[in-house]
Structure formats: structure tokens, C-alpha cells
file start.tsv (TSV, C-alpha atoms and all ligand atoms)
chain	number	residue	atom	x	y	z
A	1	MET	CA	52.06	-21.20	152.37
A	2	ARG	CA	49.97	-21.59	155.54
A	3	GLY	CA	48.08	-18.77	157.24
A	4	ARG	CA	48.00	-18.03	160.96
A	5	ARG	CA	45.32	-18.59	163.60
A	6	THR	CA	43.33	-15.56	164.64
A	7	GLY	CA	40.28	-14.69	166.74
A	8	ARG	CA	38.06	-11.83	165.53
A	9	SER	CA	35.01	-9.91	166.70
A	10	ASN	CA	32.10	-9.80	164.28
A	11	GLY	CA	31.25	-6.29	165.44
A	12	LEU	CA	28.16	-7.48	167.33
A	13	GLY	CA	30.08	-8.46	170.44
A	14	ASP	CA	30.47	-12.14	169.55
A	15	LYS	CA	33.89	-13.65	169.19
A	16	VAL	CA	34.21	-15.49	165.91
A	17	LYS	CA	37.06	-17.99	165.85
A	18	LYS	CA	38.51	-18.41	162.39
A	19	GLU	CA	40.85	-21.26	161.72
A	20	PHE	CA	43.06	-20.01	158.92
A	21	ASN	CA	45.79	-22.56	159.45
A	22	MET	CA	44.21	-24.88	156.86
A	23	MET	CA	43.92	-22.13	154.24
A	24	ILE	CA	46.10	-22.25	151.16
A	25	VAL	CA	47.43	-18.81	150.23
A	26	LYS	CA	47.75	-18.35	146.46
A	27	GLU	CA	49.63	-15.52	144.84
A	28	LYS	CA	49.21	-17.02	141.37
A	29	PHE	CA	45.71	-18.04	140.30
A	30	GLU	CA	43.88	-18.84	137.12
A	31	ASN	CA	40.30	-18.49	138.25
A	32	PHE	CA	38.11	-16.18	140.28
A	33	TYR	CA	35.41	-18.59	141.39
A	34	HIS	CA	35.87	-18.26	145.16
A	35	PHE	CA	33.12	-15.71	145.69
A	36	TYR	CA	30.54	-17.26	143.34
A	37	PRO	CA	27.61	-17.99	142.87
A	38	TYR	CA	26.37	-15.14	140.71
A	39	PRO	CA	22.92	-14.74	139.14
A	40	VAL	CA	23.06	-15.19	135.38
A	41	ALA	CA	22.06	-12.24	133.20
A	42	PHE	CA	21.25	-12.93	129.56
A	43	ILE	CA	22.70	-9.94	127.73
A	44	GLY	CA	20.74	-9.31	124.55
A	45	VAL	CA	21.63	-7.00	121.71
A	46	LYS	CA	20.28	-6.28	118.25
A	47	TYR	CA	22.43	-4.62	115.63
A	48	GLN	CA	21.03	-4.32	112.12
A	49	GLU	CA	19.38	-7.72	111.54
A	50	LYS	CA	21.48	-9.67	114.07
A	51	ILE	CA	19.95	-10.52	117.45
A	52	ASN	CA	22.29	-12.21	119.95
A	53	PHE	CA	22.28	-13.27	123.60
A	54	MET	CA	25.21	-14.18	125.85
A	55	SER	CA	25.27	-15.36	129.47
A	56	ALA	CA	26.98	-13.03	131.92
A	57	ALA	CA	27.87	-13.58	135.55
A	58	TRP	CA	30.02	-10.49	136.05
A	59	HIS	CA	27.37	-7.81	136.33
A	60	SER	CA	26.26	-5.30	138.93
A	61	PRO	CA	24.09	-2.27	139.61
A	62	LEU	CA	26.32	0.83	139.85
A	63	SER	CA	24.00	3.70	140.72
A	64	MET	CA	20.32	4.50	141.43
A	65	LYS	CA	20.42	8.14	140.25
A	66	PRO	CA	20.93	7.81	137.38
A	67	PRO	CA	20.02	4.10	137.27
A	68	LEU	CA	23.17	2.38	135.97
A	69	PHE	CA	23.75	-1.32	135.39
A	70	ALA	CA	27.18	-2.67	134.40
A	71	VAL	CA	28.47	-5.87	132.90
A	72	MET	CA	32.06	-6.95	132.31
A	73	ILE	CA	32.43	-8.30	128.78
A	74	SER	CA	35.55	-9.54	127.06
A	75	LYS	CA	36.38	-7.95	123.72
A	76	LYS	CA	36.45	-11.49	122.30
A	77	ARG	CA	32.65	-11.82	122.57
A	78	LEU	CA	30.45	-11.00	119.60
A	79	THR	CA	28.16	-9.33	122.14
A	80	HIS	CA	30.90	-6.79	122.90
A	81	SER	CA	31.22	-5.69	119.30
A	82	LEU	CA	27.44	-5.61	118.78
A	83	ILE	CA	26.90	-3.45	121.90
A	84	THR	CA	29.57	-0.97	120.87
A	85	LYS	CA	27.79	-0.55	117.53
A	86	ALA	CA	24.15	-0.69	118.71
A	87	LYS	CA	24.93	1.49	121.78
A	88	GLU	CA	22.35	-0.40	123.83
A	89	PHE	CA	21.64	-3.81	125.36
A	90	SER	CA	19.06	-5.72	127.37
A	91	ALA	CA	19.54	-7.92	130.44
A	92	SER	CA	17.06	-10.75	131.14
A	93	PHE	CA	16.86	-12.81	134.34
A	94	LEU	CA	15.26	-16.22	134.01
A	95	PRO	CA	14.15	-18.96	136.41
A	96	PHE	CA	16.36	-21.97	137.14
A	97	GLU	CA	14.40	-24.16	134.68
A	98	ASN	CA	16.29	-22.24	131.94
A	99	ARG	CA	19.81	-23.16	133.09
A	100	LYS	CA	20.48	-25.08	129.86
A	101	CYS	CA	19.79	-21.89	127.95
A	102	SER	CA	22.47	-20.24	130.09
A	103	ALA	CA	24.93	-23.00	129.21
A	104	PHE	CA	24.04	-22.63	125.54
A	105	CYS	CA	24.27	-18.83	125.42
A	106	GLY	CA	27.50	-18.94	127.44
A	107	ARG	CA	29.25	-21.71	125.54
A	108	THR	CA	28.42	-20.84	121.94
A	109	SER	CA	29.14	-17.66	120.03
A	110	GLY	CA	26.74	-15.77	117.85
A	111	ARG	CA	29.62	-15.71	115.35
A	112	ASP	CA	29.01	-19.44	114.72
A	113	ARG	CA	25.36	-19.90	115.58
A	114	ASP	CA	22.05	-18.12	115.36
A	115	LYS	CA	21.30	-18.62	119.06
A	116	VAL	CA	17.74	-17.30	118.83
A	117	LYS	CA	16.86	-19.80	116.10
A	118	ASP	CA	18.95	-22.76	117.29
A	119	PHE	CA	17.70	-22.61	120.89
A	120	SER	CA	14.18	-21.47	119.95
A	121	ILE	CA	14.53	-18.38	122.14
A	122	GLU	CA	11.26	-16.49	122.35
A	123	LEU	CA	11.59	-12.73	122.44
A	124	ILE	CA	9.89	-9.92	124.32
A	125	ASN	CA	9.62	-6.66	122.41
A	126	PRO	CA	11.52	-3.83	124.07
A	127	VAL	CA	9.82	-0.52	124.81
A	128	LYS	CA	12.59	2.10	124.47
A	129	ILE	CA	15.46	0.28	122.73
A	130	SER	CA	15.66	-2.10	119.74
A	131	SER	CA	17.32	-5.05	121.51
A	132	PRO	CA	14.73	-7.62	122.65
A	133	LEU	CA	14.54	-9.40	126.00
A	134	MET	CA	13.99	-13.11	126.58
A	135	ALA	CA	10.48	-14.45	127.13
A	136	GLY	CA	10.05	-16.31	130.42
A	137	SER	CA	12.09	-13.75	132.36
A	138	TYR	CA	10.97	-12.74	135.84
A	139	ALA	CA	12.83	-9.44	135.32
A	140	GLY	CA	14.53	-7.55	132.53
A	141	LEU	CA	16.34	-4.29	131.91
A	142	GLU	CA	16.53	-2.11	128.84
A	143	CYS	CA	19.81	-0.18	128.82
A	144	LYS	CA	21.25	2.58	126.67
A	145	LEU	CA	25.03	2.55	126.48
A	146	TYR	CA	26.42	5.03	129.02
A	147	ASP	CA	30.14	4.24	129.13
A	148	ILE	CA	32.75	1.62	128.27
A	149	ARG	CA	36.07	1.30	130.09
A	150	GLU	CA	38.83	-1.22	129.70
A	151	TYR	CA	39.89	-3.15	132.80
A	152	GLY	CA	42.48	-5.80	131.99
A	153	ASP	CA	41.04	-8.46	129.71
A	154	HIS	CA	37.40	-7.35	130.14
A	155	ASP	CA	35.61	-4.08	129.46
A	156	LEU	CA	33.21	-2.54	131.94
A	157	ILE	CA	30.12	-1.85	129.85
A	158	VAL	CA	27.78	0.52	131.66
A	159	GLY	CA	24.17	0.98	130.62
A	160	GLU	CA	21.65	3.53	131.75
A	161	VAL	CA	18.51	1.60	132.65
A	162	VAL	CA	15.64	3.21	130.73
A	163	VAL	CA	12.96	0.53	131.30
A	164	ILE	CA	12.56	-2.28	133.84
A	165	HIS	CA	10.31	-5.26	133.10
A	166	GLU	CA	9.12	-7.25	136.10
A	167	ASP	CA	6.69	-10.14	136.43
A	168	PRO	CA	4.32	-9.09	139.23
A	169	ASN	CA	3.84	-12.76	140.22
A	170	TYR	CA	7.43	-12.95	141.38
A	171	PHE	CA	7.97	-9.72	143.34
A	172	ASP	CA	6.40	-8.41	146.52
A	173	LYS	CA	5.19	-4.81	146.83
A	174	ASP	CA	8.67	-3.66	147.92
A	175	GLY	CA	10.37	-5.27	144.94
A	176	ARG	CA	11.82	-8.29	146.75
A	177	LEU	CA	12.15	-11.39	144.58
A	178	LEU	CA	9.72	-14.03	145.88
A	179	VAL	CA	12.19	-16.90	146.09
A	180	GLU	CA	9.30	-18.92	147.49
A	181	LYS	CA	7.85	-18.81	143.94
A	182	VAL	CA	10.81	-18.46	141.59
A	183	LYS	CA	14.35	-19.76	141.77
A	184	PRO	CA	17.04	-17.71	140.02
A	185	ILE	CA	19.80	-19.27	137.91
A	186	LEU	CA	23.02	-19.00	139.93
A	187	TYR	CA	26.36	-19.76	138.30
A	188	LEU	CA	29.11	-21.46	140.30
A	189	GLY	CA	31.69	-21.45	137.49
A	190	MET	CA	33.06	-24.33	135.43
A	191	ASP	CA	29.60	-25.19	134.04
A	192	PHE	CA	28.04	-25.77	137.50
A	193	TYR	CA	24.69	-24.23	138.37
A	194	VAL	CA	22.78	-23.97	141.64
A	195	SER	CA	19.76	-22.09	142.95
A	196	THR	CA	18.26	-20.69	146.14
A	197	SER	CA	16.31	-22.56	148.79
A	198	SER	CA	13.44	-20.59	150.34
A	199	GLU	CA	14.04	-22.56	153.58
A	200	THR	CA	17.02	-20.28	154.19
A	201	LEU	CA	14.95	-17.10	153.72
A	202	GLU	CA	15.16	-14.88	156.79
A	203	LYS	CA	14.46	-11.20	157.42
A	204	ILE	CA	16.93	-9.72	159.89
A	205	THR	CA	15.99	-6.42	161.50
A	206	LEU	CA	18.24	-4.78	164.06
B	301	LIG	C1	27.17	-18.74	133.13
B	301	LIG	C2	28.19	-17.98	132.31
B	301	LIG	C3	28.53	-16.69	132.65
B	301	LIG	C4	29.43	-15.95	131.85
B	301	LIG	N1	29.75	-14.68	132.21
B	301	LIG	C5	30.52	-13.92	131.39
B	301	LIG	C6	30.79	-12.56	131.71
B	301	LIG	O1	30.32	-12.02	132.72
B	301	LIG	N2	31.56	-11.84	130.84
B	301	LIG	C7	32.08	-12.39	129.70
B	301	LIG	O2	32.78	-11.70	128.94
B	301	LIG	N3	31.83	-13.69	129.37
B	301	LIG	C8	31.05	-14.45	130.18
B	301	LIG	N4	30.77	-15.75	129.84
B	301	LIG	C9	31.23	-16.26	128.56
B	301	LIG	C10	30.32	-15.83	127.38
B	301	LIG	O3	28.94	-15.96	127.71
B	301	LIG	C11	30.65	-16.72	126.17
B	301	LIG	O4	31.98	-16.48	125.77
B	301	LIG	C12	29.68	-16.56	125.01
B	301	LIG	O5	29.90	-17.65	124.14
B	301	LIG	C13	29.86	-15.26	124.25
B	301	LIG	O6	28.92	-15.25	123.20
B	301	LIG	P1	28.98	-14.26	121.96
B	301	LIG	O7	30.30	-14.48	121.25
B	301	LIG	O8	27.79	-14.67	121.14
B	301	LIG	O9	28.88	-12.88	122.50
B	301	LIG	C14	29.96	-16.53	130.67
B	301	LIG	C15	29.65	-17.86	130.36
B	301	LIG	C16	28.77	-18.59	131.17
B	301	LIG	C17	28.43	-20.01	130.82
call {"tool": "encode", "arguments": {"input": "start.tsv", "output": "C-alpha cells", "more": "lines below"}}
Ligand SMILES: Cc1cc2nc3c(=O)[nH]c(=O)nc-3n(C[C@H](O)[C@H](O)[C@H](O)COP(=O)(O)O)c2cc1C
result
Amino acid sequence: MRGRRTGRSNGLGDKVKKEFNMMIVKEKFENFYHFYPYPVAFIGVKYQEKINFMSAAWHSPLSMKPPLFAVMISKKRLTHSLITKAKEFSASFLPFENRKCSAFCGRTSGRDRDKVKDFSIELINPVKISSPLMAGSYAGLECKLYDIREYGDHDLIVGEVVVIHEDPNYFDKDGRLLVEKVKPILYLGMDFYVSTSSETLEKITL
């Protein structure tokens, strides 16, 4: 089905012409990649002697007070069952150089592989939980399980952030990521990765 032409204001007084007549309107779809890229979070969890990491693109901060961080995880993942038992998890954010680690942690299951051993993942000791973070991260979160809710085929797993790790080389005094110095791993879906270009960096003040 074809959409219709429309002219819209962007709220700043400029007219933005949008040509929708070339758009395809889908009411049945099998992927959700249209609004990617997403930064990859490596979700780590330790339960008894098992340490596992999985790649996650569907994550978000939910609240500042209390500090809540959420990730959508399918019940099929080993990570899901480990988090429900350990009642905690970590989230590590690594530079683009580690994109193969994202592919590995996102395309293999800890049910079949010891990811830490097979990919020689170096660990950072956590401070307030038992689940380690990944060495080489520019940032990491330690989370205690706060809530789990089912939404369709994924569960919203919410953690209360009890510790934040940040590499001072990669953040300015206000906490902005210095993309001039570190490039995040961004996932485009279907095994494609991309990163940021600091040439596009712009501060816009109104
Ligand atoms: C870049 C990337 C992002 C992913 N994001 C998610 C996600 O947000 N939620 C999810 O349930 N699975 C996601 N996956 C799939 C899991 O990472 C994958 O199924 C993984 O093998 C699960 O490992 P586990 O069984 O050891 O937990 C993603 C995969 C990739 C490659």
C-alpha cells in the first residue's frame, strides 16, 4: 500500500516536506530493525560457578531515582534463567574494536560453550554483586534484580543500578561519552555493526 504526500512543520517554524508516496506500509512484519542502531550491552551474570555473557541491543535506562536499567531478554536465553536465579546482572559497554566479541556472545549460547574461556574474556571484579563485568569496557553497571515482567516473547528484566564503573579517559566532567576518543559498538541487526563518527558531533543549545 502507498502512503500519501504531506507537508509538516518541525515545530521551529520551518516547513519540512516529507515524501511518503514511496513508503511501503507493512501491517505484517518479521523484524524490528527500522529504528536501529542500538549500542550493544554485554549482559553478564554469575550463578554458582557459571559465568556467562550475552549481547543485548534491547536495553534502556528507566529511572534516575531509583536508578533503574532494563533489558529485554527472551526466556530462551541461558542468561534469562541465570538472572532469575542469581537475582543480579552486570552490563558492560565496550569499544568498537570488540565487535567480534559481540557477535560471539550474541550468536552462541552459554548452554553449549564456556564463553569466558572460549573467547578469552577478561573479567573485572564487581564491587556490590557477584557477577563480573568485562575488562576493556569504557562503562559498566552492576544491577540487582528489581523486577521481571513478561511482554510477548521477551521479558523486561529491570535492575537497580548499585554501582557504575566508568573509565575517566572516555568521559568528560559532565559524563558525556568522548566519542572523539572511543567509538561504541552499535548494532544494526542481521549481524551488521557500525559506530559513531566524531565529525558529526554537535552541541545544540536553544
Ligand atoms: C548484537 C546482538 C544483540 C542482541 N540483543 C538481544 C536482546 O536485546 N535480547 C535478547 O533476548 N537477545 C538478544 N540477542 C540474542 C542473544 O544475545 C543470543 O541469543 C545469545 O546467544 C544468548 O546467549 P545465552 O544463551 O548464553 O544467554 C542479541 C544478539 C546480538 C548479536
call {"tool": "residues_near_ligand", "arguments": {"input": "start.tsv", "ligand": "ligand LIG 301 (chain B)", "cutoff": "6 Å", "atoms": "all atoms listed in the file", "output": "compact mmCIF listing (two decimals) with C-alpha atoms, keeping the file's coordinate frame"}}
result
# COMPACT_ATOMS: atom_id res chain seq x y z
CA VAL A 40 23.06 -15.19 135.38
CA MET A 54 25.21 -14.18 125.85
CA SER A 55 25.27 -15.36 129.47
CA ALA A 56 26.98 -13.03 131.92
CA ALA A 57 27.87 -13.58 135.55
CA TRP A 58 30.02 -10.49 136.05
CA MET A 72 32.06 -6.95 132.31
CA ILE A 73 32.43 -8.30 128.78
CA SER A 74 35.55 -9.54 127.06
CA ARG A 77 32.65 -11.82 122.57
CA LEU A 78 30.45 -11.00 119.60
CA THR A 79 28.16 -9.33 122.14
CA SER A 102 22.47 -20.24 130.09
CA ALA A 103 24.93 -23.00 129.21
CA CYS A 105 24.27 -18.83 125.42
CA GLY A 106 27.50 -18.94 127.44
CA ARG A 107 29.25 -21.71 125.54
CA THR A 108 28.42 -20.84 121.94
CA SER A 109 29.14 -17.66 120.03
CA GLY A 110 26.74 -15.77 117.85
CA TYR A 187 26.36 -19.76 138.30
call {"tool": "closest_residue", "arguments": {"input": "start.tsv", "among": "A:Val71, A:Phe96, A:Glu166, A:Asp172", "to": "Ser197 in chain A", "atoms": "all atoms listed in the file"}}
result
A:Phe96
call {"tool": "atom_distance", "arguments": {"input": "start.tsv", "atom1": "CA of Val127 in chain A", "atom2": "CA of Gly140 in chain A"}}
result
11.5 Å
call {"tool": "closest_residue", "arguments": {"input": "start.tsv", "among": "A:Ser195, A:Ser92, A:Asn125, A:Ser137", "to": "Ile43 in chain A", "atoms": "only C-alpha atoms"}}
result
A:Ser92
call {"tool": "atom_distance", "arguments": {"input": "start.tsv", "atom1": "CA of Val158 in chain A", "atom2": "CA of Tyr146 in chain A"}}
result
5.4 Å
call {"tool": "closest_residue", "arguments": {"input": "start.tsv", "among": "A:Phe29, A:Phe89, A:Phe119, A:Tyr193", "to": "Val163 in chain A", "atoms": "only C-alpha atoms"}}
result
A:Phe89
call {"tool": "closest_residue", "arguments": {"input": "start.tsv", "among": "A:Leu186, A:Leu133, A:Leu178, A:Ala91", "to": "Phe69 in chain A", "atoms": "all atoms listed in the file"}}
result
A:Ala91
call {"tool": "atom_distance", "arguments": {"input": "start.tsv", "atom1": "CA of Ile185 in chain A", "atom2": "CA of Leu156 in chain A"}}
result
22.3 Å
call {"tool": "closest_residue", "arguments": {"input": "start.tsv", "among": "A:Pro61, A:Gly152, A:Pro95, A:Pro67", "to": "Tyr170 in chain A", "atoms": "all atoms listed in the file"}}
result
A:Pro95
call {"tool": "residues_around", "arguments": {"input": "start.tsv", "residues": "Pro168 in chain A", "least_positions_apart": "6", "cutoff": "12 Å", "atoms": "only C-alpha atoms", "output": "PyMOL selection string"}}
result
chain A and resi 137-139+174-178+181-182
call {"tool": "decode", "arguments": {"input": "start.tsv", "residues": "range 28-95 of chain A", "atoms": "C-alpha atoms", "output": "PDB file, in the first residue's frame"}}
result
ATOM      1  CA  LYS A  28       2.796  -7.814   8.809  1.00  0.00           C
ATOM      2  CA  PHE A  29       6.493  -7.750   9.679  1.00  0.00           C
ATOM      3  CA  GLU A  30       9.115 -10.148  10.911  1.00  0.00           C
ATOM      4  CA  ASN A  31      11.759  -7.739  12.117  1.00  0.00           C
ATOM      5  CA  PHE A  32      12.080  -4.553  14.112  1.00  0.00           C
ATOM      6  CA  TYR A  33      15.301  -3.170  12.675  1.00  0.00           C
ATOM      7  CA  HIS A  34      13.941   0.138  11.335  1.00  0.00           C
ATOM      8  CA  PHE A  35      14.947   2.233  14.321  1.00  0.00           C
ATOM      9  CA  TYR A  36      18.394   0.677  14.882  1.00  0.00           C
ATOM     10  CA  PRO A  37      21.342   1.145  15.555  1.00  0.00           C
ATOM     11  CA  TYR A  38      21.499   0.356  19.244  1.00  0.00           C
ATOM     12  CA  PRO A  39      24.583   0.298  21.491  1.00  0.00           C
ATOM     13  CA  VAL A  40      25.484  -3.245  22.488  1.00  0.00           C
ATOM     14  CA  ALA A  41      25.396  -4.113  26.195  1.00  0.00           C
ATOM     15  CA  PHE A  42      27.190  -7.264  27.310  1.00  0.00           C
ATOM     16  CA  ILE A  43      24.919  -8.695  29.987  1.00  0.00           C
ATOM     17  CA  GLY A  44      26.972 -10.689  32.476  1.00  0.00           C
ATOM     18  CA  VAL A  45      25.723 -12.995  35.177  1.00  0.00           C
ATOM     19  CA  LYS A  46      27.266 -15.443  37.617  1.00  0.00           C
ATOM     20  CA  TYR A  47      25.201 -18.171  39.211  1.00  0.00           C
ATOM     21  CA  GLN A  48      27.012 -20.740  41.335  1.00  0.00           C
ATOM     22  CA  GLU A  49      30.165 -21.500  39.307  1.00  0.00           C
ATOM     23  CA  LYS A  50      28.763 -20.468  35.899  1.00  0.00           C
ATOM     24  CA  ILE A  51      29.745 -17.079  34.465  1.00  0.00           C
ATOM     25  CA  ASN A  52      28.024 -16.093  31.205  1.00  0.00           C
ATOM     26  CA  PHE A  53      27.757 -13.069  28.920  1.00  0.00           C
ATOM     27  CA  MET A  54      25.215 -12.342  26.186  1.00  0.00           C
ATOM     28  CA  SER A  55      24.953  -9.401  23.782  1.00  0.00           C
ATOM     29  CA  ALA A  56      21.856  -7.253  24.163  1.00  0.00           C
ATOM     30  CA  ALA A  57      20.582  -4.439  21.976  1.00  0.00           C
ATOM     31  CA  TRP A  58      17.166  -4.015  23.580  1.00  0.00           C
ATOM     32  CA  HIS A  59      18.079  -2.142  26.730  1.00  0.00           C
ATOM     33  CA  SER A  60      17.270   1.210  28.274  1.00  0.00           C
ATOM     34  CA  PRO A  61      17.526   3.353  31.389  1.00  0.00           C
ATOM     35  CA  LEU A  62      14.101   3.523  33.072  1.00  0.00           C
ATOM     36  CA  SER A  63      14.523   5.848  36.032  1.00  0.00           C
ATOM     37  CA  MET A  64      17.123   8.021  37.824  1.00  0.00           C
ATOM     38  CA  LYS A  65      15.548   7.823  41.305  1.00  0.00           C
ATOM     39  CA  PRO A  66      15.889   4.974  41.937  1.00  0.00           C
ATOM     40  CA  PRO A  67      18.461   4.299  39.191  1.00  0.00           C
ATOM     41  CA  LEU A  68      16.877   1.566  37.051  1.00  0.00           C
ATOM     42  CA  PHE A  69      18.267  -0.079  33.928  1.00  0.00           C
ATOM     43  CA  ALA A  70      16.210  -2.550  31.881  1.00  0.00           C
ATOM     44  CA  VAL A  71      16.959  -5.146  29.267  1.00  0.00           C
ATOM     45  CA  MET A  72      14.541  -7.250  27.230  1.00  0.00           C
ATOM     46  CA  ILE A  73      15.627 -10.892  27.307  1.00  0.00           C
ATOM     47  CA  SER A  74      13.925 -13.877  25.740  1.00  0.00           C
ATOM     48  CA  LYS A  75      13.178 -16.790  28.048  1.00  0.00           C
ATOM     49  CA  LYS A  76      15.115 -18.953  25.578  1.00  0.00           C
ATOM     50  CA  ARG A  77      18.443 -17.412  26.631  1.00  0.00           C
ATOM     51  CA  LEU A  78      20.569 -19.079  29.285  1.00  0.00           C
ATOM     52  CA  THR A  79      21.175 -15.558  30.584  1.00  0.00           C
ATOM     53  CA  HIS A  80      17.466 -15.250  31.409  1.00  0.00           C
ATOM     54  CA  SER A  81      17.434 -18.328  33.592  1.00  0.00           C
ATOM     55  CA  LEU A  82      20.732 -17.399  35.281  1.00  0.00           C
ATOM     56  CA  ILE A  83      19.497 -13.869  36.115  1.00  0.00           C
ATOM     57  CA  THR A  84      16.256 -15.161  37.594  1.00  0.00           C
ATOM     58  CA  LYS A  85      18.292 -17.412  39.896  1.00  0.00           C
ATOM     59  CA  ALA A  86      21.200 -15.059  40.698  1.00  0.00           C
ATOM     60  CA  LYS A  87      18.846 -12.050  41.067  1.00  0.00           C
ATOM     61  CA  GLU A  88      21.507  -9.736  39.660  1.00  0.00           C
ATOM     62  CA  PHE A  89      23.410  -8.943  36.462  1.00  0.00           C
ATOM     63  CA  SER A  90      26.086  -6.663  35.050  1.00  0.00           C
ATOM     64  CA  ALA A  91      26.077  -4.622  31.842  1.00  0.00           C
ATOM     65  CA  SER A  92      29.382  -3.787  30.123  1.00  0.00           C
ATOM     66  CA  PHE A  93      29.856  -1.341  27.239  1.00  0.00           C
ATOM     67  CA  LEU A  94      32.918  -1.897  25.084  1.00  0.00           C
ATOM     68  CA  PRO A  95      34.655  -0.002  22.268  1.00  0.00           C
TER      69      PRO A  95
END
